[in-house]
>>> print(open('my_file.cif').read())   # mmCIF, C-alpha atoms
data_target
loop_
_atom_site.label_atom_id
_atom_site.label_comp_id
_atom_site.auth_asym_id
_atom_site.auth_seq_id
_atom_site.Cartn_x
_atom_site.Cartn_y
_atom_site.Cartn_z
CA MET A 1 123.14 105.83 72.94
CA SER A 2 120.82 105.29 75.88
CA LEU A 3 117.18 104.41 75.32
CA TYR A 4 116.42 106.64 78.27
CA TYR A 5 116.79 110.39 78.43
CA GLU A 6 115.37 113.39 80.23
CA PRO A 7 112.71 114.86 77.87
CA ASP A 8 112.89 118.28 79.53
CA PRO A 9 116.50 118.83 80.59
CA ALA A 10 116.84 121.14 83.56
CA ASN A 11 119.12 124.11 83.83
CA GLU A 12 121.14 123.27 86.93
CA ASN A 13 121.45 126.98 87.72
CA ASP A 14 117.69 127.28 88.16
CA PRO A 15 116.07 126.38 91.50
CA PRO A 16 113.91 123.24 91.47
CA LEU A 17 110.20 123.76 90.92
CA LEU A 18 108.61 122.36 94.05
CA PRO A 19 104.96 122.12 95.16
CA PRO A 20 103.78 125.39 96.79
CA ILE A 21 103.92 123.90 100.28
CA LEU A 22 107.71 123.48 99.92
CA THR A 23 110.32 126.25 99.81
CA PRO A 24 113.71 125.53 98.19
CA VAL A 25 116.87 126.99 99.75
CA VAL A 26 120.17 126.44 97.97
CA VAL A 27 123.25 125.39 99.94
CA PRO A 28 126.78 125.99 98.56
CA ASN A 29 128.65 123.02 97.18
CA ASN A 30 131.13 122.78 100.07
CA VAL A 31 128.54 122.92 102.88
CA ASP A 32 126.88 119.82 104.35
CA VAL A 33 123.16 120.15 103.66
CA PHE A 34 121.97 118.08 106.62
CA THR A 35 124.12 120.07 109.05
CA LYS A 36 122.94 123.36 107.52
CA ALA A 37 119.29 122.35 107.85
CA ILE A 38 119.72 121.37 111.49
CA ALA A 39 121.43 124.67 112.28
CA SER A 40 118.62 126.58 110.57
CA ALA A 41 115.66 124.44 111.62
CA SER A 42 114.54 126.52 114.60
CA LYS A 43 114.27 129.59 112.35
CA SER A 44 112.80 127.84 109.30
CA GLU A 45 109.21 127.23 108.27
CA ALA A 46 107.84 123.74 107.85
CA GLY A 47 108.51 122.52 104.33
CA THR A 48 111.81 124.33 103.86
CA VAL A 49 113.90 122.18 101.53
CA PHE A 50 117.65 122.77 101.71
CA TYR A 51 119.42 121.40 98.64
CA SER A 52 123.03 121.23 97.52
CA GLU A 53 124.52 122.84 94.43
CA ASN A 54 126.77 119.79 94.03
CA PRO A 55 125.88 118.18 90.66
CA GLU A 56 127.37 114.85 91.77
CA TYR A 57 124.62 114.19 94.34
CA LEU A 58 120.94 114.51 94.97
CA GLU A 59 121.23 116.01 98.45
CA ILE A 60 118.31 117.59 100.29
CA ALA A 61 117.17 118.07 103.87
CA VAL A 62 113.55 118.91 104.69
CA VAL A 63 112.52 120.81 107.82
CA LEU A 64 109.28 119.60 109.41
CA LEU A 65 107.32 120.70 112.47
CA PRO A 66 106.14 117.45 114.07
CA GLU A 67 102.72 116.94 115.61
CA VAL A 68 103.63 113.54 117.05
CA PRO A 69 105.92 112.51 119.94
CA LYS A 70 109.62 112.02 119.35
CA ILE A 71 109.27 108.23 119.40
CA ARG A 72 106.98 108.35 116.36
CA CYS A 73 109.22 110.78 114.50
CA ASN A 74 111.42 107.75 113.79
CA GLN A 75 108.82 106.71 111.22
CA MET A 76 109.76 109.59 108.94
CA LEU A 77 113.06 107.92 108.04
CA TYR A 78 111.14 105.20 106.24
CA VAL A 79 108.72 107.68 104.66
CA MET A 80 111.67 109.38 102.96
CA MET A 81 113.18 106.05 101.94
CA VAL A 82 110.05 104.73 100.23
CA ALA A 83 109.60 108.14 98.58
CA ALA A 84 113.15 107.88 97.24
CA GLY A 85 112.38 104.41 95.92
CA ASP A 86 109.33 105.72 94.06
CA ALA A 87 111.22 108.75 92.74
CA ILE A 88 114.05 106.60 91.40
CA GLY A 89 111.54 104.17 89.94
CA ALA A 90 109.82 107.01 88.09
CA LEU A 91 113.05 108.38 86.60
CA ALA A 92 115.44 105.46 86.13
CA PRO A 93 115.26 102.48 83.75
CA PRO A 94 113.03 99.66 85.02
CA GLU A 95 115.97 97.30 85.49
CA VAL A 96 117.35 99.47 88.31
CA ALA A 97 116.32 97.63 91.48
CA VAL A 98 116.01 99.86 94.55
CA THR A 99 116.43 98.21 97.94
CA PHE A 100 116.87 99.43 101.51
CA SER A 101 118.74 98.54 104.66
CA TYR A 102 118.57 99.87 108.19
CA PRO A 103 119.54 102.50 109.30
CA GLY A 104 118.76 104.43 106.10
CA LEU A 105 120.94 102.94 103.35
CA ILE A 106 119.64 102.89 99.77
CA PHE A 107 120.99 100.41 97.23
CA LEU A 108 120.77 100.35 93.44
CA ASN A 109 121.13 96.82 92.08
CA ARG A 110 122.64 95.93 95.48
CA GLY A 111 125.32 98.63 95.28
CA GLU A 112 125.32 101.28 98.01
CA ALA A 113 124.14 104.57 96.52
CA GLY A 114 122.32 106.66 99.14
CA LEU A 115 121.67 107.40 102.77
CA VAL A 116 118.71 108.87 104.68
CA LYS A 117 119.13 110.43 108.13
CA ILE A 118 116.84 112.19 110.60
CA GLU A 119 117.32 114.52 113.53
CA VAL A 120 114.94 116.22 115.97
CA SER A 121 115.25 119.12 118.37
CA PRO A 122 116.58 118.22 121.83
CA SER A 123 113.88 116.93 124.18
CA ASP A 124 113.61 115.31 127.60
CA GLY A 125 111.76 112.17 126.59
CA ASP A 126 110.30 110.00 123.83
CA GLN A 127 106.76 111.28 124.45
CA ILE A 128 107.66 114.96 124.01
CA ILE A 129 106.70 116.55 120.68
CA PRO A 130 109.91 118.04 119.21
CA ASP A 131 109.99 121.66 118.09
CA TRP A 132 111.39 120.60 114.72
CA MET A 133 112.60 117.63 112.72
CA VAL A 134 114.97 117.35 109.76
CA VAL A 135 114.84 114.50 107.25
CA GLY A 136 117.81 114.35 104.90
CA ILE A 137 118.87 112.24 101.95
CA LYS A 138 122.08 112.02 99.95
CA LEU A 139 122.10 109.95 96.76
CA ARG A 140 124.94 109.55 94.27
CA LEU A 141 124.04 110.80 90.82
CA ASN A 142 127.57 110.06 89.57
CA ASN A 143 130.40 108.02 91.00
CA ASN A 144 133.58 109.90 90.31
CA LEU A 145 135.22 108.17 93.28
CA GLN A 146 135.88 105.21 91.02
CA VAL A 147 138.56 106.72 88.82
CA ASP A 148 140.99 103.81 89.34
CA GLU A 149 139.76 101.01 87.09
CA SER A 150 142.04 98.57 88.89
CA ASN A 151 140.24 99.26 92.18
CA ILE A 152 136.55 99.18 91.27
CA LYS A 153 134.28 98.74 94.27
CA PRO A 154 131.18 96.78 93.22
CA ASP A 155 129.44 97.57 96.49
CA ILE A 156 129.39 101.31 95.68
CA THR A 157 127.35 102.67 92.80
CA SER A 158 125.37 105.64 91.49
CA LEU A 159 122.47 106.39 89.20
CA ALA A 160 124.93 106.99 86.35
CA ASP A 161 126.63 103.64 86.95
CA GLU A 162 123.24 101.93 86.73
CA GLY A 163 122.30 103.52 83.40
CA ALA A 164 120.51 106.62 84.64
CA GLY A 165 123.20 109.24 84.11
CA TYR A 166 120.77 111.39 82.14
CA ILE A 167 118.86 112.32 85.32
CA SER A 168 119.73 115.85 86.40
CA ARG A 169 120.04 116.93 90.02
CA THR A 170 117.19 119.42 89.56
CA ARG A 171 114.72 116.90 88.17
CA ALA A 172 115.70 114.38 90.84
CA ILE A 173 115.01 116.94 93.60
CA GLU A 174 111.64 117.79 92.07
CA SER A 175 110.60 114.16 91.76
CA LEU A 176 111.75 113.20 95.24
CA SER A 177 109.96 116.18 96.80
CA ARG A 178 106.67 115.30 95.13
CA HIS A 179 106.88 111.65 96.15
CA PHE A 180 107.86 112.60 99.70
CA LEU A 181 104.80 114.85 100.02
CA ALA A 182 102.59 112.08 98.66
CA TRP A 183 103.92 109.58 101.20
CA VAL A 184 103.63 112.04 104.08
CA SER A 185 99.99 112.55 103.11
CA GLN A 186 99.36 108.80 103.02
CA TRP A 187 101.14 108.40 106.37
CA GLU A 188 98.89 111.06 107.88
CA ASP A 189 95.74 109.40 106.49
CA GLU A 190 96.54 105.70 106.88
CA GLY A 191 99.27 105.48 109.48
CA PHE A 192 102.65 103.78 109.39
CA LYS A 193 101.60 100.37 108.07
CA PRO A 194 101.61 101.20 104.32
CA VAL A 195 105.10 102.65 104.72
CA VAL A 196 106.33 99.54 106.55
CA ASP A 197 104.81 97.24 103.95
CA VAL A 198 106.65 98.95 101.09
CA TRP A 199 109.89 99.28 103.03
CA ASN A 200 109.84 95.59 103.98
CA SER A 201 109.18 94.60 100.36
CA ARG A 202 112.37 96.43 99.37
CA ARG A 203 114.56 95.44 102.34
CA GLU A 204 117.97 94.16 101.27
CA GLU A 205 118.23 90.92 103.20
CA THR A 206 121.89 90.32 102.34
CA LYS A 207 123.10 93.36 104.32
CA VAL A 208 124.09 93.06 107.97
CA ILE A 209 123.98 95.54 110.85
CA ASN A 210 127.16 96.02 112.88
CA LEU A 211 127.14 97.67 116.30
CA LYS A 212 130.00 99.77 117.66
CA ALA A 213 131.61 96.75 119.34
CA ASN A 214 131.65 94.99 115.95
CA ASP A 215 128.77 92.78 117.07
CA VAL A 216 126.61 91.63 114.17
CA VAL A 217 122.93 91.52 115.03
CA SER A 218 120.18 89.53 113.35
CA TRP A 219 117.19 91.31 111.93
CA ILE A 220 113.70 90.75 113.35
CA GLY A 221 111.66 93.66 112.03
CA LEU A 222 110.26 97.12 112.71
CA ASP A 223 108.00 98.03 115.60
CA GLU A 224 105.01 100.39 115.40
CA ASN A 225 107.20 103.43 116.06
CA GLY A 226 109.85 102.70 113.47
CA LEU A 227 112.42 101.24 115.84
CA ALA A 228 114.42 98.34 114.44
CA ILE A 229 114.04 95.12 116.42
CA VAL A 230 117.26 93.11 116.30
CA LYS A 231 118.66 90.21 118.27
CA LEU A 232 122.09 89.99 119.89
CA ASN A 233 123.05 86.96 121.97
CA GLU A 234 119.41 85.85 122.23
CA LYS A 235 118.42 89.29 123.53
CA GLU A 236 116.16 91.68 121.62
CA LEU A 237 117.34 95.25 121.12
CA PHE A 238 115.31 98.23 119.89
CA LEU A 239 117.31 100.69 117.75
CA SER A 240 116.00 104.20 117.12
CA PRO A 241 116.93 105.85 113.79
CA ILE A 242 117.08 109.20 115.59
CA GLU A 243 119.62 107.93 118.12
CA ILE A 244 121.32 105.29 116.00
CA THR A 245 124.80 106.83 116.24
CA LYS A 246 124.88 105.78 119.90
CA GLU A 247 124.71 102.13 118.80
CA ILE A 248 126.40 102.12 115.40
CA GLY A 249 128.47 105.30 115.20
CA GLU A 250 128.51 107.95 112.53
CA ILE A 251 127.21 106.83 109.14
CA ASN A 252 128.05 108.97 106.13
CA LEU A 253 127.92 108.63 102.37
CA GLN A 254 131.25 109.44 100.75
#
>>> encode(input="my_file.cif", output="structure tokens")
Amino acid sequence: MSLYYEPDPANENDPPLLPPILTPVVVPNNVDVFTKAIASASKSEAGTVFYSENPEYLEIAVVLLPEVPKIRCNQMLYVMMVAAGDAIGALAPPEVAVTFSYPGLIFLNRGEAGLVKIEVSPSDGDQIIPDWMVVGIKLRLNNNLQVDESNIKPDITSLADEGAGYISRTRAIESLSRHFLAWVSQWEDEGFKPVVDVWNSRREETKVINLKANDVVSWIGLDENGLAIVKLNEKELFLSPIEITKEIGEINLQ
């Protein structure tokens, strides 16, 4: 019997109870939430939270209406990541270590468990304020991929695998949404530095970044806009989370 449990179990058929500034919109199990949010972003209000019915994942995508240039929108990737770290920390047992890696990977006790992605409306330059932005996260609540005990993958995990299987999708969405709003508020008041400080304190230093050509780059840090500074063959590169697929390719959580 686990020492940890959810004191107020949620009915998964009920929509999550979010702060008034956020509006939940359910997405059917077989539809990609991030893709759905992007397709609906131009017609959605700021604070619309698309969430999946799939009980195996915490999967949401938040529509925002930026007031900053596209280049600074990159910062929101890290805002969602540190919010996820706080949300997991508030719900999971204290021995579950949450760490991060660029470009948006979330690890639980060094096992890959989640992914954060961002997208903005098409624009002509980095200094243009986008019409909309979508910040999405997908986190494994369970890990039913590992049904073959002879082929366990220690680098893939879930909240259930790490002793937090009692956390329901609904409560996870509610917690993450509250922590995300809190971090957005702090970002608005204090800038990007507090976000960077927390993200750096949780960065998983053992993970490497591979470019499309299979080049492995060395990590230097984040710049003031949220671009990753890496080094390849003694040359510094700046990688944007918004445009990262150009350098790394598609990144998805299975």
>>> residues_around(input="my_file.cif", residues="Ile251 of chain A", least_positions_apart="4", cutoff="9 Å", atoms="all atoms listed in the file", output="NGL selection string")
:A and (103 or 115 or 117 or 245)
>>> atom_distance(input="my_file.cif", atom1="atom CA of Ile38 of chain A", atom2="atom CA of Phe180 of chain A")
18.9 Å
>>> resolve_selection(input="my_file.cif", expression="the PyMOL selection byres ((chain A and resi 56) around 10)", output="PyMOL selection string")
chain A and resi 29+52-55+57-59+139-144+158+160+168-169
>>> resolve_selection(input="my_file.cif", expression="the PyMOL selection byres ((chain A and resi 217-231) around 12)", output="number ranges by chain")
A: 68-79, 101-104, 126-127, 191-197, 199-201, 203-216, 232-244, 247-248
>>> write_last_selection(input="my_file.cif", atoms="C-alpha atoms", output="CSV table (one decimal), in the frame of the given file")
chain,number,residue,atom,x,y,z
A,68,VAL,CA,103.6,113.5,117.0
A,69,PRO,CA,105.9,112.5,119.9
A,70,LYS,CA,109.6,112.0,119.4
A,71,ILE,CA,109.3,108.2,119.4
A,72,ARG,CA,107.0,108.4,116.4
A,73,CYS,CA,109.2,110.8,114.5
A,74,ASN,CA,111.4,107.8,113.8
A,75,GLN,CA,108.8,106.7,111.2
A,76,MET,CA,109.8,109.6,108.9
A,77,LEU,CA,113.1,107.9,108.0
A,78,TYR,CA,111.1,105.2,106.2
A,79,VAL,CA,108.7,107.7,104.7
A,101,SER,CA,118.7,98.5,104.7
A,102,TYR,CA,118.6,99.9,108.2
A,103,PRO,CA,119.5,102.5,109.3
A,104,GLY,CA,118.8,104.4,106.1
A,126,ASP,CA,110.3,110.0,123.8
A,127,GLN,CA,106.8,111.3,124.4
A,191,GLY,CA,99.3,105.5,109.5
A,192,PHE,CA,102.6,103.8,109.4
A,193,LYS,CA,101.6,100.4,108.1
A,194,PRO,CA,101.6,101.2,104.3
A,195,VAL,CA,105.1,102.6,104.7
A,196,VAL,CA,106.3,99.5,106.6
A,197,ASP,CA,104.8,97.2,104.0
A,199,TRP,CA,109.9,99.3,103.0
A,200,ASN,CA,109.8,95.6,104.0
A,201,SER,CA,109.2,94.6,100.4
A,203,ARG,CA,114.6,95.4,102.3
A,204,GLU,CA,118.0,94.2,101.3
A,205,GLU,CA,118.2,90.9,103.2
A,206,THR,CA,121.9,90.3,102.3
A,207,LYS,CA,123.1,93.4,104.3
A,208,VAL,CA,124.1,93.1,108.0
A,209,ILE,CA,124.0,95.5,110.8
A,210,ASN,CA,127.2,96.0,112.9
A,211,LEU,CA,127.1,97.7,116.3
A,212,LYS,CA,130.0,99.8,117.7
A,213,ALA,CA,131.6,96.8,119.3
A,214,ASN,CA,131.6,95.0,116.0
A,215,ASP,CA,128.8,92.8,117.1
A,216,VAL,CA,126.6,91.6,114.2
A,232,LEU,CA,122.1,90.0,119.9
A,233,ASN,CA,123.0,87.0,122.0
A,234,GLU,CA,119.4,85.8,122.2
A,235,LYS,CA,118.4,89.3,123.5
A,236,GLU,CA,116.2,91.7,121.6
A,237,LEU,CA,117.3,95.2,121.1
A,238,PHE,CA,115.3,98.2,119.9
A,239,LEU,CA,117.3,100.7,117.8
A,240,SER,CA,116.0,104.2,117.1
A,241,PRO,CA,116.9,105.8,113.8
A,242,ILE,CA,117.1,109.2,115.6
A,243,GLU,CA,119.6,107.9,118.1
A,244,ILE,CA,121.3,105.3,116.0
A,247,GLU,CA,124.7,102.1,118.8
A,248,ILE,CA,126.4,102.1,115.4
>>> closest_residue(input="my_file.cif", among="A:Ala46, A:Ile156, A:Leu18, A:Leu108", to="Met133 of chain A", atoms="all atoms listed in the file")
A:Ala46
>>> residues_around(input="my_file.cif", residues="Glu174 of chain A", least_positions_apart="5", cutoff="12 Å", atoms="all atoms listed in the file", output="PDB file with C-alpha atoms, in the coordinates of the input")
ATOM      1  CA  ALA A  10     116.840 121.140  83.560  1.00  0.00           C
ATOM      2  CA  ASP A  14     117.690 127.280  88.160  1.00  0.00           C
ATOM      3  CA  PRO A  15     116.070 126.380  91.500  1.00  0.00           C
ATOM      4  CA  PRO A  16     113.910 123.240  91.470  1.00  0.00           C
ATOM      5  CA  LEU A  17     110.200 123.760  90.920  1.00  0.00           C
ATOM      6  CA  LEU A  18     108.610 122.360  94.050  1.00  0.00           C
ATOM      7  CA  PRO A  19     104.960 122.120  95.160  1.00  0.00           C
ATOM      8  CA  PRO A  20     103.780 125.390  96.790  1.00  0.00           C
ATOM      9  CA  LEU A  22     107.710 123.480  99.920  1.00  0.00           C
ATOM     10  CA  THR A  23     110.320 126.250  99.810  1.00  0.00           C
ATOM     11  CA  PRO A  24     113.710 125.530  98.190  1.00  0.00           C
ATOM     12  CA  VAL A  49     113.900 122.180 101.530  1.00  0.00           C
ATOM     13  CA  TYR A  51     119.420 121.400  98.640  1.00  0.00           C
ATOM     14  CA  LEU A  58     120.940 114.510  94.970  1.00  0.00           C
ATOM     15  CA  GLU A  59     121.230 116.010  98.450  1.00  0.00           C
ATOM     16  CA  ILE A  60     118.310 117.590 100.290  1.00  0.00           C
ATOM     17  CA  ALA A  83     109.600 108.140  98.580  1.00  0.00           C
ATOM     18  CA  ALA A  84     113.150 107.880  97.240  1.00  0.00           C
ATOM     19  CA  ALA A  87     111.220 108.750  92.740  1.00  0.00           C
ATOM     20  CA  ILE A  88     114.050 106.600  91.400  1.00  0.00           C
ATOM     21  CA  ALA A  90     109.820 107.010  88.090  1.00  0.00           C
ATOM     22  CA  LEU A  91     113.050 108.380  86.600  1.00  0.00           C
ATOM     23  CA  ILE A 167     118.860 112.320  85.320  1.00  0.00           C
ATOM     24  CA  SER A 168     119.730 115.850  86.400  1.00  0.00           C
ATOM     25  CA  ARG A 169     120.040 116.930  90.020  1.00  0.00           C
ATOM     26  CA  HIS A 179     106.880 111.650  96.150  1.00  0.00           C
ATOM     27  CA  PHE A 180     107.860 112.600  99.700  1.00  0.00           C
ATOM     28  CA  LEU A 181     104.800 114.850 100.020  1.00  0.00           C
TER      29      LEU A 181
END
>>> atom_distance(input="my_file.cif", atom1="atom CA of Gly114 of chain A", atom2="atom CA of Leu253 of chain A")
6.8 Å
>>> build_atoms(input="my_file.cif", residues="segment 52-85 of chain A", atoms="N, CA and C atoms", output="PDB file, keeping the file's coordinate frame")
ATOM      1  N   SER A  52     121.648 120.933  97.856  1.00  0.00           N
ATOM      2  CA  SER A  52     123.030 121.230  97.520  1.00  0.00           C
ATOM      3  C   SER A  52     123.185 121.610  96.058  1.00  0.00           C
ATOM      4  N   GLU A  53     124.156 122.490  95.797  1.00  0.00           N
ATOM      5  CA  GLU A  53     124.520 122.840  94.430  1.00  0.00           C
ATOM      6  C   GLU A  53     125.374 121.753  93.764  1.00  0.00           C
ATOM      7  N   ASN A  54     125.863 120.813  94.546  1.00  0.00           N
ATOM      8  CA  ASN A  54     126.770 119.790  94.030  1.00  0.00           C
ATOM      9  C   ASN A  54     126.070 118.930  92.968  1.00  0.00           C
ATOM     10  N   PRO A  55     126.546 118.956  91.716  1.00  0.00           N
ATOM     11  CA  PRO A  55     125.880 118.180  90.660  1.00  0.00           C
ATOM     12  C   PRO A  55     126.136 116.683  90.751  1.00  0.00           C
ATOM     13  N   GLU A  56     127.048 116.267  91.643  1.00  0.00           N
ATOM     14  CA  GLU A  56     127.370 114.850  91.770  1.00  0.00           C
ATOM     15  C   GLU A  56     126.357 114.095  92.619  1.00  0.00           C
ATOM     16  N   TYR A  57     125.550 114.831  93.403  1.00  0.00           N
ATOM     17  CA  TYR A  57     124.620 114.190  94.340  1.00  0.00           C
ATOM     18  C   TYR A  57     123.232 114.812  94.255  1.00  0.00           C
ATOM     19  N   LEU A  58     122.238 114.003  94.542  1.00  0.00           N
ATOM     20  CA  LEU A  58     120.940 114.510  94.970  1.00  0.00           C
ATOM     21  C   LEU A  58     121.038 114.609  96.487  1.00  0.00           C
ATOM     22  N   GLU A  59     121.034 115.818  97.017  1.00  0.00           N
ATOM     23  CA  GLU A  59     121.230 116.010  98.450  1.00  0.00           C
ATOM     24  C   GLU A  59     120.267 117.066  98.949  1.00  0.00           C
ATOM     25  N   ILE A  60     119.263 116.644  99.729  1.00  0.00           N
ATOM     26  CA  ILE A  60     118.310 117.590 100.290  1.00  0.00           C
ATOM     27  C   ILE A  60     118.071 117.262 101.766  1.00  0.00           C
ATOM     28  N   ALA A  61     117.579 118.253 102.483  1.00  0.00           N
ATOM     29  CA  ALA A  61     117.170 118.070 103.870  1.00  0.00           C
ATOM     30  C   ALA A  61     115.912 118.911 104.080  1.00  0.00           C
ATOM     31  N   VAL A  62     114.853 118.267 104.541  1.00  0.00           N
ATOM     32  CA  VAL A  62     113.550 118.910 104.690  1.00  0.00           C
ATOM     33  C   VAL A  62     113.284 119.193 106.160  1.00  0.00           C
ATOM     34  N   VAL A  63     112.892 120.435 106.464  1.00  0.00           N
ATOM     35  CA  VAL A  63     112.520 120.810 107.820  1.00  0.00           C
ATOM     36  C   VAL A  63     111.029 120.581 108.015  1.00  0.00           C
ATOM     37  N   LEU A  64     110.676 119.870 109.078  1.00  0.00           N
ATOM     38  CA  LEU A  64     109.280 119.600 109.410  1.00  0.00           C
ATOM     39  C   LEU A  64     109.004 120.054 110.842  1.00  0.00           C
ATOM     40  N   LEU A  65     107.754 120.367 111.116  1.00  0.00           N
ATOM     41  CA  LEU A  65     107.320 120.700 112.470  1.00  0.00           C
ATOM     42  C   LEU A  65     106.397 119.590 112.942  1.00  0.00           C
ATOM     43  N   PRO A  66     106.913 118.646 113.714  1.00  0.00           N
ATOM     44  CA  PRO A  66     106.140 117.450 114.070  1.00  0.00           C
ATOM     45  C   PRO A  66     104.903 117.765 114.912  1.00  0.00           C
ATOM     46  N   GLU A  67     103.908 116.905 114.763  1.00  0.00           N
ATOM     47  CA  GLU A  67     102.720 116.940 115.610  1.00  0.00           C
ATOM     48  C   GLU A  67     102.563 115.635 116.363  1.00  0.00           C
ATOM     49  N   VAL A  68     103.637 114.839 116.366  1.00  0.00           N
ATOM     50  CA  VAL A  68     103.630 113.540 117.050  1.00  0.00           C
ATOM     51  C   VAL A  68     104.828 113.496 117.992  1.00  0.00           C
ATOM     52  N   PRO A  69     104.790 112.611 119.009  1.00  0.00           N
ATOM     53  CA  PRO A  69     105.920 112.510 119.940  1.00  0.00           C
ATOM     54  C   PRO A  69     107.207 112.082 119.238  1.00  0.00           C
ATOM     55  N   LYS A  70     108.306 112.353 119.889  1.00  0.00           N
ATOM     56  CA  LYS A  70     109.620 112.020 119.350  1.00  0.00           C
ATOM     57  C   LYS A  70     109.723 110.555 118.928  1.00  0.00           C
ATOM     58  N   ILE A  71     109.163 109.646 119.691  1.00  0.00           N
ATOM     59  CA  ILE A  71     109.270 108.230 119.400  1.00  0.00           C
ATOM     60  C   ILE A  71     108.688 107.899 118.027  1.00  0.00           C
ATOM     61  N   ARG A  72     107.601 108.598 117.659  1.00  0.00           N
ATOM     62  CA  ARG A  72     106.980 108.350 116.360  1.00  0.00           C
ATOM     63  C   ARG A  72     107.666 109.085 115.221  1.00  0.00           C
ATOM     64  N   CYS A  73     108.466 110.080 115.542  1.00  0.00           N
ATOM     65  CA  CYS A  73     109.220 110.780 114.500  1.00  0.00           C
ATOM     66  C   CYS A  73     110.180 109.840 113.782  1.00  0.00           C
ATOM     67  N   ASN A  74     110.566 108.745 114.438  1.00  0.00           N
ATOM     68  CA  ASN A  74     111.420 107.750 113.790  1.00  0.00           C
ATOM     69  C   ASN A  74     110.815 107.245 112.484  1.00  0.00           C
ATOM     70  N   GLN A  75     109.499 107.236 112.405  1.00  0.00           N
ATOM     71  CA  GLN A  75     108.820 106.710 111.220  1.00  0.00           C
ATOM     72  C   GLN A  75     109.170 107.487 109.954  1.00  0.00           C
ATOM     73  N   MET A  76     109.532 108.758 110.121  1.00  0.00           N
ATOM     74  CA  MET A  76     109.760 109.590 108.940  1.00  0.00           C
ATOM     75  C   MET A  76     110.990 109.167 108.159  1.00  0.00           C
ATOM     76  N   LEU A  77     111.928 108.457 108.784  1.00  0.00           N
ATOM     77  CA  LEU A  77     113.060 107.920 108.040  1.00  0.00           C
ATOM     78  C   LEU A  77     112.580 107.023 106.911  1.00  0.00           C
ATOM     79  N   TYR A  78     111.637 106.164 107.220  1.00  0.00           N
ATOM     80  CA  TYR A  78     111.140 105.200 106.240  1.00  0.00           C
ATOM     81  C   TYR A  78     110.235 105.863 105.204  1.00  0.00           C
ATOM     82  N   VAL A  79     109.530 106.924 105.612  1.00  0.00           N
ATOM     83  CA  VAL A  79     108.720 107.680 104.660  1.00  0.00           C
ATOM     84  C   VAL A  79     109.621 108.255 103.564  1.00  0.00           C
ATOM     85  N   MET A  80     110.754 108.834 103.955  1.00  0.00           N
ATOM     86  CA  MET A  80     111.670 109.380 102.960  1.00  0.00           C
ATOM     87  C   MET A  80     112.277 108.276 102.107  1.00  0.00           C
ATOM     88  N   MET A  81     112.561 107.135 102.702  1.00  0.00           N
ATOM     89  CA  MET A  81     113.180 106.050 101.940  1.00  0.00           C
ATOM     90  C   MET A  81     112.233 105.501 100.873  1.00  0.00           C
ATOM     91  N   VAL A  82     110.985 105.261 101.222  1.00  0.00           N
ATOM     92  CA  VAL A  82     110.050 104.730 100.230  1.00  0.00           C
ATOM     93  C   VAL A  82     109.757 105.786  99.165  1.00  0.00           C
ATOM     94  N   ALA A  83     109.768 107.065  99.562  1.00  0.00           N
ATOM     95  CA  ALA A  83     109.600 108.140  98.580  1.00  0.00           C
ATOM     96  C   ALA A  83     110.757 108.146  97.599  1.00  0.00           C
ATOM     97  N   ALA A  84     111.979 107.948  98.113  1.00  0.00           N
ATOM     98  CA  ALA A  84     113.150 107.880  97.240  1.00  0.00           C
ATOM     99  C   ALA A  84     113.043 106.699  96.279  1.00  0.00           C
ATOM    100  N   GLY A  85     112.566 105.567  96.785  1.00  0.00           N
ATOM    101  CA  GLY A  85     112.380 104.410  95.920  1.00  0.00           C
ATOM    102  C   GLY A  85     111.415 104.694  94.787  1.00  0.00           C
TER     103      GLY A  85
END
